[in-house]
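Undergrad: For reference, this is final_11.txt, and it has compact mmCIF, C-alpha atoms and all ligand atoms.
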```txt
# COMPACT_ATOMS: atom_id res chain seq x y z
CA MET A 28 3.80 -21.93 16.91
CA ASN A 29 2.57 -23.60 13.75
CA ASN A 30 6.20 -24.26 12.68
CA LYS A 31 5.70 -22.32 9.46
CA VAL A 32 8.12 -19.65 8.33
CA ALA A 33 6.96 -16.56 6.45
CA LEU A 34 9.12 -14.04 4.65
CA VAL A 35 7.61 -10.58 4.16
CA THR A 36 9.45 -8.26 1.81
CA GLY A 37 8.64 -4.62 2.55
CA ILE A 38 7.85 -5.31 6.21
CA THR A 39 8.53 -1.64 7.05
CA GLY A 40 5.55 -0.53 4.92
CA GLN A 41 1.86 -0.29 5.81
CA ASP A 42 0.84 -3.77 4.66
CA GLY A 43 4.09 -5.40 5.75
CA ALA A 44 3.58 -4.28 9.34
CA TYR A 45 -0.06 -5.39 9.49
CA LEU A 46 0.71 -8.68 7.75
CA ALA A 47 3.57 -9.42 10.15
CA GLN A 48 1.24 -8.74 13.07
CA PHE A 49 -1.39 -11.05 11.57
CA LEU A 50 1.08 -13.88 10.85
CA LEU A 51 2.50 -13.67 14.38
CA THR A 52 -0.99 -14.21 15.80
CA LYS A 53 -1.22 -17.29 13.57
CA GLY A 54 1.99 -18.65 15.12
CA TYR A 55 4.35 -18.08 12.18
CA LYS A 56 8.02 -17.32 12.55
CA VAL A 57 8.21 -14.04 10.63
CA TYR A 58 11.20 -12.75 8.71
CA GLY A 59 11.02 -9.33 7.11
CA THR A 60 13.29 -7.48 4.75
CA TYR A 61 14.41 -3.94 5.23
CA ARG A 62 16.76 -1.75 3.22
CA ARG A 63 19.40 0.51 4.54
CA LEU A 64 18.17 4.12 4.72
CA SER A 65 19.96 7.17 6.07
CA THR A 66 17.18 7.41 8.65
CA PRO A 67 15.92 4.06 9.96
CA ASN A 68 12.26 3.42 9.27
CA PHE A 69 10.83 0.92 11.74
CA TRP A 70 8.09 3.14 13.14
CA ARG A 71 5.19 0.99 11.97
CA LEU A 72 6.61 -2.16 13.58
CA GLN A 73 7.15 -0.17 16.76
CA TYR A 74 3.68 1.36 16.55
CA LEU A 75 2.15 -2.14 16.43
CA ASN A 76 4.54 -3.25 19.17
CA ILE A 77 5.94 -6.15 17.14
CA PHE A 78 9.44 -4.91 16.40
CA ASP A 79 11.00 -7.41 18.84
CA ASP A 80 8.93 -10.31 17.50
CA VAL A 81 10.15 -10.31 13.88
CA GLU A 82 13.55 -11.17 12.41
CA LEU A 83 14.92 -8.52 10.07
CA LEU A 84 17.10 -9.30 7.05
CA PRO A 85 18.77 -6.69 4.84
CA CYS A 86 17.55 -6.97 1.27
CA ASP A 87 17.01 -4.70 -1.70
CA LEU A 88 15.00 -5.89 -4.70
CA LEU A 89 17.58 -4.16 -6.88
CA ASP A 90 20.24 -6.56 -5.60
CA SER A 91 19.80 -10.22 -6.62
CA TYR A 92 22.49 -11.40 -4.25
CA SER A 93 20.75 -9.90 -1.26
CA ILE A 94 17.55 -11.70 -2.35
CA ILE A 95 19.45 -15.00 -2.56
CA GLU A 96 20.98 -14.48 0.90
CA THR A 97 17.55 -13.67 2.31
CA LEU A 98 15.98 -16.86 0.93
CA ARG A 99 18.89 -18.96 2.16
CA ALA A 100 18.79 -17.44 5.65
CA SER A 101 15.02 -17.64 6.15
CA LYS A 102 14.09 -20.85 4.26
CA PRO A 103 10.48 -19.66 4.00
CA ASP A 104 7.35 -21.75 3.50
CA GLU A 105 5.45 -18.64 2.40
CA ILE A 106 6.82 -15.51 0.74
CA TYR A 107 4.79 -12.30 0.60
CA ASN A 108 6.28 -9.79 -1.82
CA LEU A 109 5.05 -6.41 -0.66
CA ALA A 110 8.23 -4.48 -1.46
CA ALA A 111 7.82 -1.88 -4.17
CA GLN A 112 8.20 1.75 -5.06
CA SER A 113 4.48 1.95 -4.36
CA PHE A 114 3.51 5.57 -4.97
CA VAL A 115 2.02 6.44 -8.39
CA GLY A 116 3.00 10.10 -8.06
CA ALA A 117 6.67 9.24 -7.50
CA SER A 118 6.61 6.84 -10.42
CA PHE A 119 6.06 9.79 -12.76
CA GLU A 120 9.06 11.53 -11.18
CA GLN A 121 11.25 8.39 -11.18
CA PRO A 122 9.90 6.04 -13.85
CA ILE A 123 13.11 4.06 -14.29
CA ALA A 124 13.71 3.35 -10.61
CA SER A 125 10.05 2.42 -10.25
CA GLY A 126 10.34 -0.04 -13.13
CA GLU A 127 13.52 -1.57 -11.79
CA ILE A 128 12.19 -2.05 -8.23
CA THR A 129 8.49 -2.70 -8.75
CA GLY A 130 8.80 -4.59 -12.03
CA LEU A 131 12.20 -6.18 -12.61
CA GLY A 132 12.71 -6.69 -8.88
CA VAL A 133 9.92 -9.26 -8.94
CA ALA A 134 11.57 -11.14 -11.81
CA LYS A 135 14.76 -11.31 -9.72
CA LEU A 136 12.80 -12.62 -6.78
CA LEU A 137 10.97 -15.26 -8.85
CA GLU A 138 14.21 -16.50 -10.36
CA ALA A 139 15.78 -16.81 -6.92
CA ILE A 140 12.73 -18.67 -5.60
CA ARG A 141 12.81 -21.05 -8.59
CA LEU A 142 16.44 -21.88 -7.87
CA ILE A 143 16.50 -21.92 -4.07
CA VAL A 144 13.03 -22.56 -2.56
CA PRO A 145 10.81 -23.81 -5.42
CA GLU A 146 8.37 -25.42 -2.95
CA ALA A 147 7.62 -22.12 -1.20
CA ARG A 148 4.26 -20.45 -1.78
CA PHE A 149 4.58 -16.96 -3.25
CA TYR A 150 2.23 -13.98 -2.98
CA GLN A 151 2.64 -10.94 -5.24
CA ALA A 152 1.08 -7.58 -4.34
CA SER A 153 -0.65 -6.71 -7.61
CA THR A 154 -2.83 -3.64 -7.85
CA SER A 155 -6.05 -2.19 -9.23
CA GLU A 156 -3.87 0.52 -10.79
CA MET A 157 -3.15 -2.05 -13.53
CA TYR A 158 -6.69 -1.42 -14.87
CA GLY A 159 -5.69 2.15 -15.62
CA ASP A 160 -8.15 4.79 -16.75
CA ASN A 161 -10.72 2.19 -17.75
CA LYS A 162 -14.37 2.70 -18.66
CA HIS A 163 -15.91 -0.34 -16.95
CA SER A 164 -18.60 -0.03 -14.27
CA TYR A 165 -16.51 -2.42 -12.13
CA GLN A 166 -13.28 -4.40 -12.47
CA ASP A 167 -12.65 -8.08 -11.74
CA GLU A 168 -10.10 -10.79 -12.60
CA LYS A 169 -11.27 -10.86 -16.24
CA THR A 170 -11.11 -7.11 -16.90
CA GLU A 171 -8.28 -6.11 -19.26
CA PHE A 172 -5.32 -4.16 -17.94
CA VAL A 173 -4.47 -0.79 -19.51
CA PRO A 174 -1.95 0.78 -17.11
CA SER A 175 -1.87 4.58 -16.89
CA SER A 176 1.33 5.18 -14.90
CA PRO A 177 4.93 3.93 -14.76
CA TYR A 178 3.98 2.29 -11.44
CA ALA A 179 1.06 0.43 -12.98
CA ALA A 180 3.13 -0.64 -15.98
CA ALA A 181 5.81 -2.06 -13.67
CA LYS A 182 3.19 -3.86 -11.58
CA LEU A 183 1.63 -5.35 -14.73
CA TYR A 184 5.02 -6.67 -15.81
CA ALA A 185 5.44 -8.24 -12.36
CA HIS A 186 1.91 -9.65 -12.46
CA SER A 187 2.60 -11.20 -15.88
CA MET A 188 5.85 -12.72 -14.63
CA VAL A 189 4.06 -14.38 -11.72
CA ASN A 190 1.63 -15.97 -14.17
CA ILE A 191 4.52 -17.09 -16.38
CA TYR A 192 6.36 -18.70 -13.44
CA ARG A 193 3.16 -20.39 -12.27
CA GLN A 194 2.49 -21.89 -15.69
CA GLY A 195 6.04 -22.40 -16.87
CA TYR A 196 7.74 -23.74 -13.76
CA GLY A 197 4.83 -24.90 -11.61
CA LEU A 198 5.60 -22.48 -8.78
CA PHE A 199 2.79 -21.89 -6.30
CA ALA A 200 2.74 -18.22 -7.27
CA SER A 201 -0.43 -16.20 -6.64
CA THR A 202 -1.45 -12.58 -6.89
CA GLY A 203 -3.87 -10.39 -5.02
CA ILE A 204 -5.17 -7.57 -7.20
CA LEU A 205 -5.77 -5.28 -4.28
CA PHE A 206 -7.76 -2.09 -4.58
CA ASN A 207 -6.67 0.89 -2.46
CA HIS A 208 -6.51 0.09 1.22
CA GLU A 209 -5.78 2.58 3.92
CA SER A 210 -5.19 2.85 7.67
CA PRO A 211 -3.45 5.06 10.22
CA LEU A 212 -0.21 3.39 8.98
CA ARG A 213 -0.73 4.49 5.36
CA GLY A 214 2.18 6.33 3.74
CA ILE A 215 1.75 10.05 4.25
CA GLU A 216 1.89 10.98 0.55
CA PHE A 217 -1.21 8.95 -0.32
CA VAL A 218 -4.30 11.08 -0.57
CA THR A 219 -6.32 9.65 2.35
CA ARG A 220 -3.52 9.97 4.89
CA LYS A 221 -2.42 13.31 3.45
CA ILE A 222 -5.97 14.52 4.09
CA THR A 223 -6.36 13.10 7.61
CA ASN A 224 -2.93 14.33 8.68
CA ALA A 225 -3.65 17.84 7.36
CA VAL A 226 -7.16 17.95 8.83
CA ALA A 227 -5.79 17.06 12.26
CA LYS A 228 -3.17 19.83 11.98
CA ILE A 229 -5.77 22.35 10.79
CA LYS A 230 -8.11 21.42 13.64
CA LEU A 231 -5.32 21.99 16.17
CA GLY A 232 -4.23 25.29 14.61
CA ILE A 233 -0.86 23.99 13.35
CA GLU A 234 -1.75 24.60 9.69
CA ASP A 235 -4.50 26.36 7.78
CA THR A 236 -4.70 24.94 4.27
CA LEU A 237 -4.58 21.62 2.46
CA GLU A 238 -3.50 21.55 -1.19
CA LEU A 239 -4.78 18.74 -3.37
CA GLY A 240 -5.02 17.83 -7.06
CA ASN A 241 -7.85 15.93 -8.76
CA LEU A 242 -10.83 15.75 -6.37
CA ASP A 243 -13.09 13.98 -8.86
CA ALA A 244 -11.22 10.68 -9.12
CA LYS A 245 -13.04 7.75 -7.56
CA ARG A 246 -11.45 5.01 -5.50
CA ASP A 247 -12.58 1.76 -3.92
CA TRP A 248 -11.08 2.18 -0.45
CA GLY A 249 -10.86 -0.61 2.15
CA PHE A 250 -9.22 -1.09 5.54
CA ALA A 251 -5.66 -2.47 5.34
CA PRO A 252 -5.76 -4.98 8.25
CA GLU A 253 -8.62 -6.81 6.49
CA TYR A 254 -6.66 -6.88 3.22
CA VAL A 255 -3.59 -8.56 4.70
CA GLU A 256 -5.83 -11.37 5.89
CA ALA A 257 -6.89 -11.83 2.25
CA MET A 258 -3.20 -12.18 1.28
CA TRP A 259 -2.84 -15.02 3.77
CA LEU A 260 -6.05 -16.71 2.58
CA ILE A 261 -4.78 -16.54 -1.01
CA LEU A 262 -1.73 -18.60 -0.02
CA GLN A 263 -3.82 -21.10 1.97
CA HIS A 264 -6.02 -21.82 -1.08
CA ASP A 265 -5.48 -25.23 -2.71
CA LYS A 266 -4.25 -23.76 -5.99
CA ALA A 267 -2.30 -20.73 -7.06
CA ASP A 268 -4.51 -18.09 -8.67
CA ASP A 269 -5.29 -14.36 -9.06
CA PHE A 270 -7.85 -12.68 -6.77
CA VAL A 271 -9.43 -9.24 -6.68
CA VAL A 272 -9.66 -7.84 -3.14
CA ALA A 273 -11.93 -4.79 -2.86
CA THR A 274 -15.13 -3.43 -1.31
CA ASN A 275 -17.32 -3.02 -4.42
CA GLU A 276 -17.99 0.60 -3.39
CA THR A 277 -16.49 3.73 -4.85
CA HIS A 278 -16.17 7.32 -3.60
CA THR A 279 -14.60 10.52 -4.88
CA ILE A 280 -11.59 12.15 -3.23
CA GLN A 281 -13.92 15.06 -2.43
CA GLU A 282 -16.22 12.75 -0.46
CA PHE A 283 -13.25 11.64 1.65
CA VAL A 284 -12.26 15.28 2.19
CA GLU A 285 -15.81 16.18 3.25
CA ARG A 286 -16.02 13.25 5.66
CA ALA A 287 -12.66 14.09 7.29
CA PHE A 288 -13.43 17.80 7.80
CA THR A 289 -16.96 17.07 9.03
CA ARG A 290 -15.55 14.64 11.60
CA VAL A 291 -13.69 17.52 13.27
CA GLY A 292 -16.50 20.06 12.80
CA LEU A 293 -14.91 22.13 10.00
CA ASN A 294 -16.05 23.18 6.52
CA TRP A 295 -13.63 21.78 3.94
CA GLU A 296 -14.26 24.60 1.48
CA ASN A 297 -12.62 27.08 3.86
CA HIS A 298 -9.34 25.13 3.86
CA VAL A 299 -8.82 23.14 0.63
CA LYS A 300 -7.00 24.64 -2.36
CA ILE A 301 -6.34 23.01 -5.71
CA ASN A 302 -2.69 22.97 -6.77
CA GLU A 303 -1.94 21.77 -10.30
CA LYS A 304 1.28 20.18 -9.10
CA PHE A 305 -0.72 17.41 -7.43
CA LYS A 306 -2.48 16.49 -10.68
CA ARG A 307 -0.90 13.60 -12.58
CA PRO A 308 0.00 13.57 -16.28
CA VAL A 309 -2.51 10.71 -16.60
CA ASP A 310 -4.86 9.72 -13.79
CA VAL A 311 -7.02 6.72 -13.05
CA ASN A 312 -10.46 8.21 -12.67
CA TYR A 313 -12.62 5.28 -11.65
CA LEU A 314 -11.99 2.11 -9.66
CA LYS A 315 -14.61 -0.21 -8.18
CA GLY A 316 -13.65 -3.83 -7.57
CA ASN A 317 -15.83 -6.92 -7.72
CA TYR A 318 -14.45 -9.32 -5.10
CA ALA A 319 -16.99 -12.12 -5.77
CA LYS A 320 -14.25 -14.68 -6.53
CA ALA A 321 -12.37 -14.00 -3.27
CA ASN A 322 -15.67 -14.21 -1.43
CA GLU A 323 -16.66 -17.50 -3.03
CA LEU A 324 -13.31 -19.32 -2.95
CA LEU A 325 -11.64 -17.79 0.11
CA GLY A 326 -14.64 -16.76 2.21
CA TRP A 327 -13.21 -13.22 2.38
CA THR A 328 -15.41 -10.17 2.75
CA PRO A 329 -14.66 -6.53 3.67
CA LYS A 330 -16.10 -5.23 6.94
CA THR A 331 -15.10 -1.62 7.58
CA THR A 332 -17.23 0.94 5.72
CA PHE A 333 -15.96 4.02 3.91
CA ALA A 334 -17.17 6.34 6.69
CA GLU A 335 -15.68 4.15 9.43
CA LEU A 336 -12.35 4.04 7.62
CA ALA A 337 -12.17 7.83 7.30
CA ASP A 338 -13.09 8.21 10.98
CA ILE A 339 -10.45 5.67 12.13
CA MET A 340 -7.79 7.59 10.21
CA ILE A 341 -8.81 11.08 11.27
CA ASP A 342 -9.15 10.04 14.92
CA ALA A 343 -5.68 8.47 14.90
CA ASP A 344 -4.02 11.54 13.36
CA LEU A 345 -5.84 13.88 15.72
CA GLU A 346 -4.70 11.85 18.71
CA ARG A 347 -1.11 11.78 17.45
CA TRP A 348 -0.89 15.54 16.88
CA THR A 349 -2.55 16.17 20.24
CA ASN A 350 0.01 13.93 21.95
CA TRP A 351 2.79 15.64 20.02
CA GLN A 352 1.58 19.06 21.18
CA ASN A 353 1.58 17.71 24.73
CA GLY A 354 5.21 16.60 24.43
CA ILE A 355 4.46 12.88 24.42
CA HIS A 356 7.09 10.92 22.44
CA PHE A 357 6.19 7.98 20.24
CA SER A 358 7.26 6.38 16.96
CA TRP A 359 5.58 8.17 14.08
CA ASP A 360 6.17 9.57 10.60
CA ALA A 361 4.32 12.89 10.32
CA TRP A 362 6.14 15.12 12.77
CA ASN A 363 9.30 15.29 10.66
CA TYR A 364 7.64 15.22 7.24
CA PRO A 365 8.07 18.54 5.45
CA ASN A 366 5.05 20.37 4.17
CA GLU A 367 4.65 19.23 0.55
CA LYS A 368 4.66 22.88 -0.53
CA LYS A 369 8.46 22.72 -0.17
CA ILE A 370 8.74 19.82 -2.59
CA LEU A 371 9.14 20.85 -6.21
CA SER A 372 7.74 18.85 -9.05
CA ARG A 373 9.17 18.43 -12.50
CA LYS A 374 5.72 19.34 -13.77
CA LEU A 375 6.20 22.90 -12.52
CA LYS A 376 7.65 25.47 -14.87
CA TYR A 377 10.94 26.57 -13.32
CA ASP A 378 11.68 29.66 -15.43
P1 LIG A 401 4.47 0.96 1.30
O1 LIG A 401 4.97 1.99 0.37
O2 LIG A 401 3.94 1.37 2.63
O3 LIG A 401 5.62 -0.13 1.55
C1 LIG A 401 6.48 -0.52 0.52
C2 LIG A 401 7.61 -1.34 1.10
O4 LIG A 401 8.54 -1.66 0.05
C3 LIG A 401 8.43 -0.62 2.19
O5 LIG A 401 8.75 -1.54 3.20
C4 LIG A 401 9.67 -0.20 1.43
O6 LIG A 401 10.80 -0.04 2.25
C5 LIG A 401 9.86 -1.38 0.52
N1 LIG A 401 10.76 -1.10 -0.60
C6 LIG A 401 10.77 -0.02 -1.41
N2 LIG A 401 11.76 -0.12 -2.31
C7 LIG A 401 12.41 -1.28 -2.05
C8 LIG A 401 13.53 -1.94 -2.63
N3 LIG A 401 14.22 -1.41 -3.65
N4 LIG A 401 13.93 -3.13 -2.11
C9 LIG A 401 13.26 -3.66 -1.06
N5 LIG A 401 12.21 -3.09 -0.46
C10 LIG A 401 11.77 -1.91 -0.96
O7 LIG A 401 3.34 0.12 0.51
P2 LIG A 401 2.04 -0.62 1.08
O8 LIG A 401 2.40 -1.33 2.31
O9 LIG A 401 0.92 0.33 1.05
O10 LIG A 401 1.77 -1.66 -0.09
C11 LIG A 401 2.36 -2.96 -0.07
C12 LIG A 401 2.43 -3.50 -1.49
O11 LIG A 401 1.11 -3.58 -2.03
C13 LIG A 401 3.22 -2.64 -2.45
O12 LIG A 401 3.85 -3.50 -3.37
C14 LIG A 401 2.15 -1.82 -3.16
O13 LIG A 401 2.58 -1.39 -4.42
C15 LIG A 401 1.03 -2.83 -3.23
N6 LIG A 401 -0.31 -2.29 -3.27
C16 LIG A 401 -0.72 -1.42 -2.31
C17 LIG A 401 -2.00 -0.94 -2.32
C18 LIG A 401 -2.48 0.00 -1.24
O14 LIG A 401 -3.57 0.56 -1.40
N7 LIG A 401 -1.74 0.16 -0.15
C19 LIG A 401 -2.96 -1.33 -3.36
C20 LIG A 401 -2.45 -2.35 -4.27
C21 LIG A 401 -1.17 -2.79 -4.22
P3 LIG A 401 11.17 1.39 2.94
O15 LIG A 401 10.34 1.44 4.19
O16 LIG A 401 12.62 1.25 3.17
O17 LIG A 401 10.81 2.46 1.97
P1 LIG A 402 -3.31 5.71 -5.97
O1 LIG A 402 -4.70 5.29 -6.30
O2 LIG A 402 -2.40 4.55 -5.70
O3 LIG A 402 -2.72 6.65 -6.95
O4 LIG A 402 -3.43 6.44 -4.54
P2 LIG A 402 -3.30 7.97 -4.11
O5 LIG A 402 -3.88 8.04 -2.75
O6 LIG A 402 -1.91 8.46 -4.29
O7 LIG A 402 -4.21 8.76 -5.14
C1 LIG A 402 -5.60 8.50 -5.24
C2 LIG A 402 -6.24 9.57 -6.12
O8 LIG A 402 -6.21 10.81 -5.42
C3 LIG A 402 -5.57 9.81 -7.46
O9 LIG A 402 -6.56 9.91 -8.46
C4 LIG A 402 -4.90 11.16 -7.28
O10 LIG A 402 -4.79 11.93 -8.49
C5 LIG A 402 -5.88 11.84 -6.34
N1 LIG A 402 -5.32 12.99 -5.63
C6 LIG A 402 -5.82 14.25 -5.61
N2 LIG A 402 -5.02 15.07 -4.93
C7 LIG A 402 -3.98 14.32 -4.48
C8 LIG A 402 -2.82 14.62 -3.70
O11 LIG A 402 -2.59 15.76 -3.29
N3 LIG A 402 -1.98 13.58 -3.43
C9 LIG A 402 -2.22 12.30 -3.87
N4 LIG A 402 -1.39 11.31 -3.54
N5 LIG A 402 -3.30 12.01 -4.64
C10 LIG A 402 -4.17 13.00 -4.93
```
Now that the file is in, can you turn its structure into structure tokens?

TA:
Amino acid sequence: MNNKVALVTGITGQDGAYLAQFLLTKGYKVYGTYRRLSTPNFWRLQYLNIFDDVELLPCDLLDSYSIIETLRASKPDEIYNLAAQSFVGASFEQPIASGEITGLGVAKLLEAIRLIVPEARFYQASTSEMYGDNKHSYQDEKTEFVPSSPYAAAKLYAHSMVNIYRQGYGLFASTGILFNHESPLRGIEFVTRKITNAVAKIKLGIEDTLELGNLDAKRDWGFAPEYVEAMWLILQHDKADDFVVATNETHTIQEFVERAFTRVGLNWENHVKINEKFKRPVDVNYLKGNYAKANELLGWTPKTTFAELADIMIDADLERWTNWQNGIHFSWDAWNYPNEKKILSRKLKYD
């Protein structure tokens, strides 16, 4: 033990689970927040085999009192705010809820920290989506933010509040402007995992087609376990600051599709269909992050390549569906996720 206490909001999500695992290896006592759902959602903690090693506290960023109780109960030295309505697509469907959770929720958290644990170090999960549909060849800490979605607008509000609390009240409040990062624990609606899950099912004859939206958008994709280490390094730095965490490489959605289908020996063009419902009212077409500052000041550098990342994800989903077909039981999200064809979108014409 290093006698330090960490509080991870959103511990049930992709990054929360990997960060908890990382902090446990560093000897932290780890508290995580969860919210009450009709179906409990601890599969990632179980998947990493750390469910019994973390302390869970009920907390919703919509509810200030539950935030206050959480800070009082955990008395954290470090707070990692990963909780958010994190999916851009859903933020177009539910812009108000996204703003209240992802934006105002952070203001509630900062106020509670200021009043209850002002000495704690605070990390905010900012995002490359804040750059919006920009025209720069790369983005770094000095690039202007022009958000293109309700999610990005909420995250920019939160990012601004962190800077205000750092300057105004002297809180050790930092942000990581993280570019997309993926893994076998990625939420199933995000395009990489949607692709690898569908490719595995197609390979095994469970499904035949994969419907996608904009294949031309470019993303800077990294491997999530490496990105949670950057979060920790940001809070170990001697001063609170903002850091871009990225790979400085960019690829189209189509390239990811091609890589995933090739991995299992299939031709993507025989299986992929474009469905307008998966196109967004406004999209972010180009992201490529310059992580020079994180490299220089934190010694952080990405390791897993684009091709390795796609292979890790496709191999994991193929193994899971194979196990599932063989009747092997394990904690997992995809088996009870409905085909997205069943889910209507407000962008469809209903008449
Ligand atoms: P996930 O969607 O996997 O996890 C989000 C977490 O937030 C879940 O634990 C979720 O709980 C929780 N949450 C949602 N709503 C609330 C609420 N009202 N109160 C409390 N908790 C809530 O996201 P990731 O792990 O991928 O991302 C972590 C953070 O980093 C997020 O803030 C995301 O926006 C940000 N980010 C992510 C990037 C990425 O590429 N992954 C890139 C840049 C930023 P539940 O399980 O109950 O739904
Ligand atoms: P984001 O960068 O946080 O929005 O991550 P996503 O993985 O949700 O989306 C990345 C890009 O993939 C965006 O430009 C989407 O428009 C594009 N995309 C194309 N088809 C799909 C799809 O079917 N689902 C999702 N989620 N994104 C898609």

Undergrad: Compare A:Ile233, A:Leu314, A:Ala152, A:Val309 by their minimum atom-to-atom distance to Thr277 in chain A, counting all atoms listed in the file, and give me the closest one.

TA: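 For Thr277 in chain A, the nearest of the candidates is A:Leu314.
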
Undergrad: Residues contacting ligand LIG 401 (chain A) - anything with an atom at most 7 Å away, using only C-alpha atoms and all ligand atoms - can you give me those as a PyMOL selection string?

TA: chain A and resi 36-43+60-64+68+86-89+108-114+128+152-155+204-209+213-214

Undergrad: Work out how far CA of Leu137 in chain A is from CA of Glu82 in chain A, in Å to one decimal.

TA: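 Distance between the two atoms: 21.8 Å.
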
Undergrad: Between A:Arg220, A:Lys31, A:Lys162, A:Lys330, which has the minimum distance to Pro252 in chain A (counting all atoms listed in the file)?

TA: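 Between A:Arg220, A:Lys31, A:Lys162, A:Lys330, the residue approaching Pro252 in chain A most closely is A:Lys330.
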
Undergrad: From the set A:Asp243, A:Glu138, A:Glu282, A:Asp268, which residue has the shortest atom-to-atom contact distance to ligand LIG 402 (chain A), counting all atoms listed in the file?

TA: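 Comparing A:Asp243, A:Glu138, A:Glu282, A:Asp268 against ligand LIG 402 (chain A), the winner is A:Asp243.
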
Undergrad: Mind checking which residues fall within 8 Å of Ile215 in chain A, counting only C-alpha atoms, ignoring those fewer than 3 positions away in the same chain, and posting them as a PDB file with C-alpha atoms, keeping the file's coordinate frame?

TA:
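Below you can see around_15.pdb, which holds the result:
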```pdb
ATOM      1  CA  VAL A 218      -4.300  11.080  -0.570  1.00  0.00           C
ATOM      2  CA  ARG A 220      -3.520   9.970   4.890  1.00  0.00           C
ATOM      3  CA  LYS A 221      -2.420  13.310   3.450  1.00  0.00           C
ATOM      4  CA  ASN A 224      -2.930  14.330   8.680  1.00  0.00           C
ATOM      5  CA  ASP A 360       6.170   9.570  10.600  1.00  0.00           C
ATOM      6  CA  ALA A 361       4.320  12.890  10.320  1.00  0.00           C
TER       7      ALA A 361
END
```

Undergrad: Quick one: range 250-297 of chain A from the block, C-alpha atoms, as an mmCIF file, in the first residue's frame.

TA:
```
data_model
loop_
_atom_site.group_PDB
_atom_site.id
_atom_site.type_symbol
_atom_site.label_atom_id
_atom_site.label_comp_id
_atom_site.auth_asym_id
_atom_site.auth_seq_id
_atom_site.Cartn_x
_atom_site.Cartn_y
_atom_site.Cartn_z
ATOM 1 C CA PHE A 250 -5.159 1.874 -26.512
ATOM 2 C CA ALA A 251 -7.130 2.663 -23.333
ATOM 3 C CA PRO A 252 -4.836 1.000 -20.722
ATOM 4 C CA GLU A 253 -2.005 3.307 -21.832
ATOM 5 C CA TYR A 254 -4.276 6.359 -21.560
ATOM 6 C CA VAL A 255 -5.272 5.716 -17.949
ATOM 7 C CA GLU A 256 -1.590 5.731 -17.042
ATOM 8 C CA ALA A 257 -1.411 9.230 -18.555
ATOM 9 C CA MET A 258 -4.273 10.306 -16.248
ATOM 10 C CA TRP A 259 -2.256 9.175 -13.246
ATOM 11 C CA LEU A 260 0.912 10.896 -14.499
ATOM 12 C CA ILE A 261 -1.051 14.132 -14.931
ATOM 13 C CA LEU A 262 -1.933 14.096 -11.227
ATOM 14 C CA GLN A 263 1.651 13.244 -10.193
ATOM 15 C CA HIS A 264 3.006 16.296 -12.063
ATOM 16 C CA ASP A 265 4.201 19.168 -9.847
ATOM 17 C CA LYS A 266 1.579 21.596 -11.123
ATOM 18 C CA ALA A 267 -1.981 21.389 -12.327
ATOM 19 C CA ASP A 268 -2.243 21.776 -16.100
ATOM 20 C CA ASP A 269 -3.943 20.619 -19.335
ATOM 21 C CA PHE A 270 -2.406 17.822 -21.419
ATOM 22 C CA VAL A 271 -3.207 16.329 -24.816
ATOM 23 C CA VAL A 272 -2.983 12.529 -24.827
ATOM 24 C CA ALA A 273 -2.976 11.019 -28.327
ATOM 25 C CA THR A 274 -0.938 9.003 -30.837
ATOM 26 C CA ASN A 275 -0.271 11.665 -33.508
ATOM 27 C CA GLU A 276 -1.645 9.261 -36.140
ATOM 28 C CA THR A 277 -5.011 9.355 -37.830
ATOM 29 C CA HIS A 278 -7.065 6.773 -39.744
ATOM 30 C CA THR A 279 -10.488 6.679 -41.378
ATOM 31 C CA ILE A 280 -13.347 4.561 -40.071
ATOM 32 C CA GLN A 281 -13.086 2.624 -43.343
ATOM 33 C CA GLU A 282 -9.461 1.716 -42.580
ATOM 34 C CA PHE A 283 -10.568 0.276 -39.232
ATOM 35 C CA VAL A 284 -13.338 -1.672 -40.973
ATOM 36 C CA GLU A 285 -10.890 -3.050 -43.545
ATOM 37 C CA ARG A 286 -8.398 -4.081 -40.867
ATOM 38 C CA ALA A 287 -11.066 -5.870 -38.791
ATOM 39 C CA PHE A 288 -12.545 -7.834 -41.715
ATOM 40 C CA THR A 289 -9.095 -8.712 -43.077
ATOM 41 C CA ARG A 290 -8.105 -10.075 -39.664
ATOM 42 C CA VAL A 291 -10.825 -12.736 -39.958
ATOM 43 C CA GLY A 292 -10.284 -13.364 -43.686
ATOM 44 C CA LEU A 293 -13.422 -11.608 -44.989
ATOM 45 C CA ASN A 294 -14.031 -8.854 -47.561
ATOM 46 C CA TRP A 295 -15.703 -5.900 -45.840
ATOM 47 C CA GLU A 296 -17.497 -4.782 -48.994
ATOM 48 C CA ASN A 297 -19.634 -7.936 -48.924
#
```
